[in-house]
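Participant: Have a look at this one.
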Amino acid sequence: MNPPDNPHGIVVINGDVYDSWINRQLFQQVTVELPTNQAGQAMIRFFDPNFVYIDRYSLADGIPHAEVDVFLGFGQDLGPKLWSGLLTRVERKDSDTAFVAYDKSHKMKKKRNNEYHYKRTDLEIISLMATRNGLNFEGPDDAIPSIPHDSMIQDQKHDWVMAKERAREAGLILYVRGDTLFAKEPAKVKEPLITLIYRNDEQNVPRMFHHWDASYKLPENHKGRHKLVNQFYRERGGKRGTGSSSLHHRGHLTDDNKHAISEHTRSYASRKATASKELNREHAYVITVRSAPTIPLVRPDVRDTIALANIGKLFSGAYLVDKITHDLTGNGFVTEYSLYRDHNEG
């Protein structure tokens, strides 16, 4: 689609509503970043020469955690809120005040805990980290083999770090949207949610802007596609067993799971070996593109699939979303996608 001429943003901070149409002189910029396996964030920049707004949301000794909601789109109907989080940082430059909010994974970073978790699986530990910090939890789409740990120590770690460690061991990625912590499998290329077309001026068709960057690298282990990743474990009676996953030619792997753990079954060990491969894969295709936003009607997120067209044989095709940045300023509204795919996909 061609860039609409009525971009619109609304930010709500502790119940105070700031509208890019109504508060045009005040409202300088809002940027929302949605990454994978990291905390998302929003930056709201105000023209604030008299320190009115920085004083409204800060004290002499810091800033209270204010709730922040962001709505972005075009026209009057912005749909449901795009993002929500907690105010955690304030920046000042000349006459501008910038408020930075992180998603609600920040609740999991307030306190370091020292405790033991008995007879819990990795997923149960991640769920506990979420729920005791006031977050909902949503696990993988499909059931995964999982065995309770006899004892898992949380040694002076805050809950986000503990959850990230358990997620990595389970072969999952973490991200927070609204009040929910998601623990999901590495994404696979699926039917594209949208197709962005380069050098296309048709109305109502999503299109890429100029100034995109793409790279392709033949993975270094291309010729080693039959190599196996081994996961060692103990069967009943102490007999040594192994699980393995074929190492396809699509990426680079660092295997750090070569240790014997008595409670691992064959299926669990094999799944962990596969998960290690997926999480450590070197992606053959990496590309960054900019486009007119498709929100509020279509809202691509991390792990979604989008397609690119009219950019040559090598780079046209379907990609997975690794990060999305929405940026609304007085000059317009642009969405940037950081994308990847593996060899022979798309």
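Chain labels A, B, ... are given in the sequence in which chains occur in the structure tokens; within each chain residues are numbered consecutively from 1, and ligands are likewise numbered from 1 in the order shown.
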Quick one: residues within 8 Å of region 175-188 of chain A, only C-alpha atoms, excluding same-chain residues fewer than 5 positions away - as a PyMOL selection string?

Facilitator: chain A and resi 35-40+83-85+103-105+130+134-141+167+278-279+303-304+320

Participant: Per DSSP on the backbone, filter region 100-224 of chain A down to the residues in strand (DSSP E or B) and report them as a PyMOL selection string.

Facilitator: chain A and resi 100-102+112-120+136-138+149-158+173-177+180-184+195-198+207-208+213-216

Participant: Within 9 Å of Phe51 (chain A), counting only C-alpha atoms, which residues show up once you throw out same-chain ones fewer than 3 positions away? Write them as an MDAnalysis selection string, please.

Facilitator: chainID A and resid 48 54:56 95:97

Participant: What does the file look like for those residues with N, CA, C and O atoms, as an mmCIF file, in the first residue's frame?

Facilitator:
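Everything below was put into result_28.cif:
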```
data_model
loop_
_atom_site.group_PDB
_atom_site.id
_atom_site.type_symbol
_atom_site.label_atom_id
_atom_site.label_comp_id
_atom_site.auth_asym_id
_atom_site.auth_seq_id
_atom_site.Cartn_x
_atom_site.Cartn_y
_atom_site.Cartn_z
ATOM 1 N N ASP A 48 9.358 19.452 25.486
ATOM 2 C CA ASP A 48 9.102 19.743 26.898
ATOM 3 C C ASP A 48 10.061 20.818 27.407
ATOM 4 O O ASP A 48 10.837 20.581 28.335
ATOM 5 N N ILE A 54 8.512 15.857 32.171
ATOM 6 C CA ILE A 54 9.513 15.084 32.907
ATOM 7 C C ILE A 54 9.254 15.159 34.409
ATOM 8 O O ILE A 54 9.425 14.176 35.130
ATOM 9 N N ASP A 55 8.776 16.305 34.888
ATOM 10 C CA ASP A 55 8.449 16.432 36.310
ATOM 11 C C ASP A 55 7.178 15.668 36.674
ATOM 12 O O ASP A 55 7.018 15.222 37.816
ATOM 13 N N ARG A 56 6.277 15.506 35.698
ATOM 14 C CA ARG A 56 5.019 14.809 35.981
ATOM 15 C C ARG A 56 5.250 13.342 36.302
ATOM 16 O O ARG A 56 4.526 12.753 37.123
ATOM 17 N N SER A 95 15.457 20.571 24.675
ATOM 18 C CA SER A 95 14.053 20.820 25.044
ATOM 19 C C SER A 95 13.188 19.571 24.976
ATOM 20 O O SER A 95 11.973 19.658 25.157
ATOM 21 N N ASP A 96 13.807 18.414 24.712
ATOM 22 C CA ASP A 96 13.037 17.186 24.555
ATOM 23 C C ASP A 96 13.183 16.275 25.771
ATOM 24 O O ASP A 96 14.279 16.124 26.313
ATOM 25 N N THR A 97 12.072 15.663 26.159
ATOM 26 C CA THR A 97 12.063 14.608 27.166
ATOM 27 C C THR A 97 11.666 13.311 26.494
ATOM 28 O O THR A 97 10.651 13.254 25.799
#
```

Participant: For CA of Lys109 (chain A) and CA of Pro80 (chain A), quote the distance in Å rounded to one decimal.

Facilitator: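 It comes out at 27.1 Å.
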
Participant: Quick one: of A:Ser215, A:Gln156, A:Thr335, A:Thr329, who's nearest to His283 (chain A), counting only C-alpha atoms?

Facilitator: A:Ser215

Participant: I'd like the contact shell of Leu328 (chain A) - 12 Å cut-off, only C-alpha atoms, skipping same-chain residues fewer than 2 positions apart - returned as a PDB file with N, CA, C and O atoms, in the first residue's frame.

Facilitator:
```
ATOM      1  N   ASN A   6      -2.662   9.761   6.979  1.00  0.00           N
ATOM      2  CA  ASN A   6      -3.246  10.089   8.286  1.00  0.00           C
ATOM      3  C   ASN A   6      -2.718   9.199   9.395  1.00  0.00           C
ATOM      4  O   ASN A   6      -3.494   8.587  10.148  1.00  0.00           O
ATOM      5  N   PRO A   7      -1.395   9.068   9.550  1.00  0.00           N
ATOM      6  CA  PRO A   7      -0.870   8.262  10.658  1.00  0.00           C
ATOM      7  C   PRO A   7      -1.300   8.842  11.995  1.00  0.00           C
ATOM      8  O   PRO A   7      -1.416  10.061  12.169  1.00  0.00           O
ATOM      9  N   HIS A   8      -1.509   7.947  12.964  1.00  0.00           N
ATOM     10  CA  HIS A   8      -2.106   8.366  14.229  1.00  0.00           C
ATOM     11  C   HIS A   8      -1.541   7.511  15.355  1.00  0.00           C
ATOM     12  O   HIS A   8      -1.430   6.296  15.225  1.00  0.00           O
ATOM     13  N   GLY A   9      -1.151   8.145  16.428  1.00  0.00           N
ATOM     14  CA  GLY A   9      -0.669   7.431  17.598  1.00  0.00           C
ATOM     15  C   GLY A   9      -1.260   7.981  18.875  1.00  0.00           C
ATOM     16  O   GLY A   9      -1.474   9.196  19.001  1.00  0.00           O
ATOM     17  N   ILE A  10      -1.541   7.096  19.816  1.00  0.00           N
ATOM     18  CA  ILE A  10      -2.012   7.480  21.143  1.00  0.00           C
ATOM     19  C   ILE A  10      -1.157   6.748  22.178  1.00  0.00           C
ATOM     20  O   ILE A  10      -0.962   5.538  22.076  1.00  0.00           O
ATOM     21  N   VAL A  11      -0.650   7.490  23.146  1.00  0.00           N
ATOM     22  CA  VAL A  11       0.116   6.919  24.247  1.00  0.00           C
ATOM     23  C   VAL A  11      -0.595   7.249  25.552  1.00  0.00           C
ATOM     24  O   VAL A  11      -1.008   8.395  25.774  1.00  0.00           O
ATOM     25  N   ASP A  19      -2.315  12.256  22.465  1.00  0.00           N
ATOM     26  CA  ASP A  19      -2.788  11.945  21.123  1.00  0.00           C
ATOM     27  C   ASP A  19      -1.954  12.730  20.115  1.00  0.00           C
ATOM     28  O   ASP A  19      -1.838  13.953  20.228  1.00  0.00           O
ATOM     29  N   SER A  20      -1.395  12.054  19.120  1.00  0.00           N
ATOM     30  CA  SER A  20      -0.529  12.727  18.151  1.00  0.00           C
ATOM     31  C   SER A  20      -1.292  13.731  17.299  1.00  0.00           C
ATOM     32  O   SER A  20      -0.678  14.617  16.696  1.00  0.00           O
ATOM     33  N   TRP A  21      -2.607  13.600  17.207  1.00  0.00           N
ATOM     34  CA  TRP A  21      -3.409  14.584  16.487  1.00  0.00           C
ATOM     35  C   TRP A  21      -3.759  15.780  17.375  1.00  0.00           C
ATOM     36  O   TRP A  21      -3.604  16.928  16.984  1.00  0.00           O
ATOM     37  N   PHE A  27       3.732  16.104  20.972  1.00  0.00           N
ATOM     38  CA  PHE A  27       4.000  14.722  20.588  1.00  0.00           C
ATOM     39  C   PHE A  27       5.037  14.694  19.466  1.00  0.00           C
ATOM     40  O   PHE A  27       4.741  14.956  18.311  1.00  0.00           O
ATOM     41  N   GLN A  28       6.294  14.356  19.802  1.00  0.00           N
ATOM     42  CA  GLN A  28       7.370  14.372  18.814  1.00  0.00           C
ATOM     43  C   GLN A  28       7.588  13.015  18.136  1.00  0.00           C
ATOM     44  O   GLN A  28       7.809  12.961  16.929  1.00  0.00           O
ATOM     45  N   GLN A  29       7.533  11.942  18.906  1.00  0.00           N
ATOM     46  CA  GLN A  29       7.873  10.628  18.343  1.00  0.00           C
ATOM     47  C   GLN A  29       7.442   9.525  19.297  1.00  0.00           C
ATOM     48  O   GLN A  29       7.472   9.684  20.510  1.00  0.00           O
ATOM     49  N   VAL A  30       7.029   8.399  18.714  1.00  0.00           N
ATOM     50  CA  VAL A  30       6.854   7.168  19.495  1.00  0.00           C
ATOM     51  C   VAL A  30       7.426   6.017  18.675  1.00  0.00           C
ATOM     52  O   VAL A  30       7.139   5.884  17.484  1.00  0.00           O
ATOM     53  N   THR A  31       8.276   5.222  19.310  1.00  0.00           N
ATOM     54  CA  THR A  31       8.904   4.077  18.660  1.00  0.00           C
ATOM     55  C   THR A  31       8.677   2.843  19.520  1.00  0.00           C
ATOM     56  O   THR A  31       8.929   2.867  20.727  1.00  0.00           O
ATOM     57  N   VAL A  32       8.210   1.774  18.896  1.00  0.00           N
ATOM     58  CA  VAL A  32       7.977   0.509  19.594  1.00  0.00           C
ATOM     59  C   VAL A  32       8.852  -0.562  18.966  1.00  0.00           C
ATOM     60  O   VAL A  32       8.824  -0.756  17.745  1.00  0.00           O
ATOM     61  N   GLU A  33       9.651  -1.250  19.802  1.00  0.00           N
ATOM     62  CA  GLU A  33      10.514  -2.332  19.336  1.00  0.00           C
ATOM     63  C   GLU A  33      10.017  -3.654  19.895  1.00  0.00           C
ATOM     64  O   GLU A  33       9.814  -3.790  21.108  1.00  0.00           O
ATOM     65  N   ALA A  42       9.349   0.681  24.361  1.00  0.00           N
ATOM     66  CA  ALA A  42       8.747   1.804  23.661  1.00  0.00           C
ATOM     67  C   ALA A  42       9.430   3.085  24.117  1.00  0.00           C
ATOM     68  O   ALA A  42       9.775   3.233  25.297  1.00  0.00           O
ATOM     69  N   MET A  43       9.658   3.992  23.172  1.00  0.00           N
ATOM     70  CA  MET A  43      10.232   5.303  23.472  1.00  0.00           C
ATOM     71  C   MET A  43       9.237   6.367  23.029  1.00  0.00           C
ATOM     72  O   MET A  43       8.766   6.351  21.894  1.00  0.00           O
ATOM     73  N   ILE A  44       8.900   7.280  23.944  1.00  0.00           N
ATOM     74  CA  ILE A  44       7.983   8.380  23.644  1.00  0.00           C
ATOM     75  C   ILE A  44       8.722   9.683  23.882  1.00  0.00           C
ATOM     76  O   ILE A  44       9.210   9.932  24.989  1.00  0.00           O
ATOM     77  N   ARG A  45       8.825  10.501  22.845  1.00  0.00           N
ATOM     78  CA  ARG A  45       9.595  11.748  22.948  1.00  0.00           C
ATOM     79  C   ARG A  45       8.637  12.938  22.860  1.00  0.00           C
ATOM     80  O   ARG A  45       7.864  13.066  21.911  1.00  0.00           O
ATOM     81  N   VAL A  70       0.446   1.784  24.249  1.00  0.00           N
ATOM     82  CA  VAL A  70       0.678   2.443  22.965  1.00  0.00           C
ATOM     83  C   VAL A  70      -0.319   1.915  21.939  1.00  0.00           C
ATOM     84  O   VAL A  70      -0.476   0.695  21.779  1.00  0.00           O
ATOM     85  N   PHE A  71      -0.965   2.837  21.235  1.00  0.00           N
ATOM     86  CA  PHE A  71      -1.866   2.527  20.127  1.00  0.00           C
ATOM     87  C   PHE A  71      -1.309   3.204  18.880  1.00  0.00           C
ATOM     88  O   PHE A  71      -1.040   4.411  18.902  1.00  0.00           O
ATOM     89  N   LEU A  72      -1.142   2.465  17.801  1.00  0.00           N
ATOM     90  CA  LEU A  72      -0.624   3.035  16.559  1.00  0.00           C
ATOM     91  C   LEU A  72      -1.454   2.551  15.376  1.00  0.00           C
ATOM     92  O   LEU A  72      -1.954   1.425  15.381  1.00  0.00           O
ATOM     93  N   GLY A  73      -1.554   3.408  14.371  1.00  0.00           N
ATOM     94  CA  GLY A  73      -2.285   3.033  13.171  1.00  0.00           C
ATOM     95  C   GLY A  73      -2.550   4.242  12.305  1.00  0.00           C
ATOM     96  O   GLY A  73      -1.769   5.202  12.274  1.00  0.00           O
ATOM     97  N   PHE A  74      -3.695   4.189  11.623  1.00  0.00           N
ATOM     98  CA  PHE A  74      -4.085   5.269  10.718  1.00  0.00           C
ATOM     99  C   PHE A  74      -5.553   5.590  10.938  1.00  0.00           C
ATOM    100  O   PHE A  74      -6.368   4.700  11.170  1.00  0.00           O
ATOM    101  N   ALA A 292       5.492   0.653   4.649  1.00  0.00           N
ATOM    102  CA  ALA A 292       4.326   1.292   5.257  1.00  0.00           C
ATOM    103  C   ALA A 292       3.686   0.290   6.204  1.00  0.00           C
ATOM    104  O   ALA A 292       3.515  -0.877   5.853  1.00  0.00           O
ATOM    105  N   PRO A 293       3.347   0.691   7.427  1.00  0.00           N
ATOM    106  CA  PRO A 293       2.775  -0.258   8.391  1.00  0.00           C
ATOM    107  C   PRO A 293       1.446  -0.829   7.907  1.00  0.00           C
ATOM    108  O   PRO A 293       0.682  -0.161   7.209  1.00  0.00           O
ATOM    109  N   THR A 325      10.224  -2.922  14.353  1.00  0.00           N
ATOM    110  CA  THR A 325      10.282  -1.586  14.943  1.00  0.00           C
ATOM    111  C   THR A 325       9.268  -0.697  14.243  1.00  0.00           C
ATOM    112  O   THR A 325       9.345  -0.495  13.026  1.00  0.00           O
ATOM    113  N   HIS A 326       8.312  -0.189  15.006  1.00  0.00           N
ATOM    114  CA  HIS A 326       7.332   0.776  14.495  1.00  0.00           C
ATOM    115  C   HIS A 326       7.775   2.173  14.931  1.00  0.00           C
ATOM    116  O   HIS A 326       8.042   2.402  16.114  1.00  0.00           O
ATOM    117  N   GLY A 330       6.646  13.152  13.191  1.00  0.00           N
ATOM    118  CA  GLY A 330       5.931  14.161  12.415  1.00  0.00           C
ATOM    119  C   GLY A 330       6.128  14.003  10.923  1.00  0.00           C
ATOM    120  O   GLY A 330       5.360  14.565  10.125  1.00  0.00           O
ATOM    121  N   ASN A 331       7.140  13.227  10.520  1.00  0.00           N
ATOM    122  CA  ASN A 331       7.408  13.007   9.095  1.00  0.00           C
ATOM    123  C   ASN A 331       6.695  11.806   8.517  1.00  0.00           C
ATOM    124  O   ASN A 331       6.770  11.557   7.306  1.00  0.00           O
ATOM    125  N   GLY A 332       6.022  11.022   9.365  1.00  0.00           N
ATOM    126  CA  GLY A 332       5.311   9.857   8.853  1.00  0.00           C
ATOM    127  C   GLY A 332       5.424   8.666   9.782  1.00  0.00           C
ATOM    128  O   GLY A 332       5.870   8.772  10.925  1.00  0.00           O
ATOM    129  N   PHE A 333       5.027   7.531   9.264  1.00  0.00           N
ATOM    130  CA  PHE A 333       4.934   6.299  10.042  1.00  0.00           C
ATOM    131  C   PHE A 333       5.564   5.175   9.218  1.00  0.00           C
ATOM    132  O   PHE A 333       5.150   4.922   8.076  1.00  0.00           O
ATOM    133  N   VAL A 334       6.574   4.509   9.777  1.00  0.00           N
ATOM    134  CA  VAL A 334       7.318   3.468   9.061  1.00  0.00           C
ATOM    135  C   VAL A 334       7.494   2.265   9.977  1.00  0.00           C
ATOM    136  O   VAL A 334       7.688   2.413  11.190  1.00  0.00           O
ATOM    137  N   THR A 335       7.432   1.072   9.390  1.00  0.00           N
ATOM    138  CA  THR A 335       7.745  -0.159  10.108  1.00  0.00           C
ATOM    139  C   THR A 335       8.993  -0.784   9.502  1.00  0.00           C
ATOM    140  O   THR A 335       9.099  -0.903   8.281  1.00  0.00           O
ATOM    141  N   GLU A 336       9.935  -1.179  10.369  1.00  0.00           N
ATOM    142  CA  GLU A 336      11.149  -1.856   9.922  1.00  0.00           C
ATOM    143  C   GLU A 336      11.112  -3.298  10.406  1.00  0.00           C
ATOM    144  O   GLU A 336      10.821  -3.559  11.573  1.00  0.00           O
TER     145      GLU A 336
END
```

Participant: Quick check for you: according to DSSP on this backbone, which residues of region 40-199 of chain A are classed as helix (DSSP H, G or I)? Reply as a ChimeraX atom specification.

Facilitator: /A:52-56,104-109,122-131,159-170

Participant: Write out as a PyMOL selection string each polymer residue whose atoms come within 12 Å of Ser58 (chain A), counting only C-alpha atoms; drop sequence neighbours fewer than 2 positions from it.

Facilitator: chain A and resi 51-56+60-66+87-91+97+99

Participant: Considering only C-alpha atoms, state which residue in the set A:Lys323, A:Lys107, A:Arg132, A:Arg112 is at the smallest distance from Met162 (chain A).

Facilitator: A:Arg112

Participant: Can you tell me which residues surround Tyr340 (chain A) at a distance of at most 9 Å, considering only C-alpha atoms, apart from same-chain residues fewer than 5 positions away, and format the answer as a PyMOL selection string?

Facilitator: chain A and resi 283-288+318-322

Participant: Measure the distance from CA of Gly312 (chain A) to CA of Pro296 (chain A) in Å and round it to one decimal.

Facilitator: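 Going from CA of Gly312 (chain A) over to CA of Pro296 (chain A), I get 29.6 Å.
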
Participant: If you measure from CA of Leu82 (chain A) to CA of Gly15 (chain A), what distance in Å do you get, rounded to one decimal?

Facilitator: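 Separating CA of Leu82 (chain A) from CA of Gly15 (chain A) is a distance of 16.2 Å.
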
Participant: With distances taken over only C-alpha atoms, which of A:Ser338, A:Asn50, A:Thr195, A:Ser127 is nearest to Leu34 (chain A)?

Facilitator: A:Ser338

Participant: What's around Leu308 (chain A) at 6 Å? Count only C-alpha atoms, leave out sequence neighbours fewer than 6 positions away in its own chain, and write the answer as a list in words.

Facilitator: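 Selected residues are Thr195, Leu196, Ile197, Ser316 and Gly317 of chain A.
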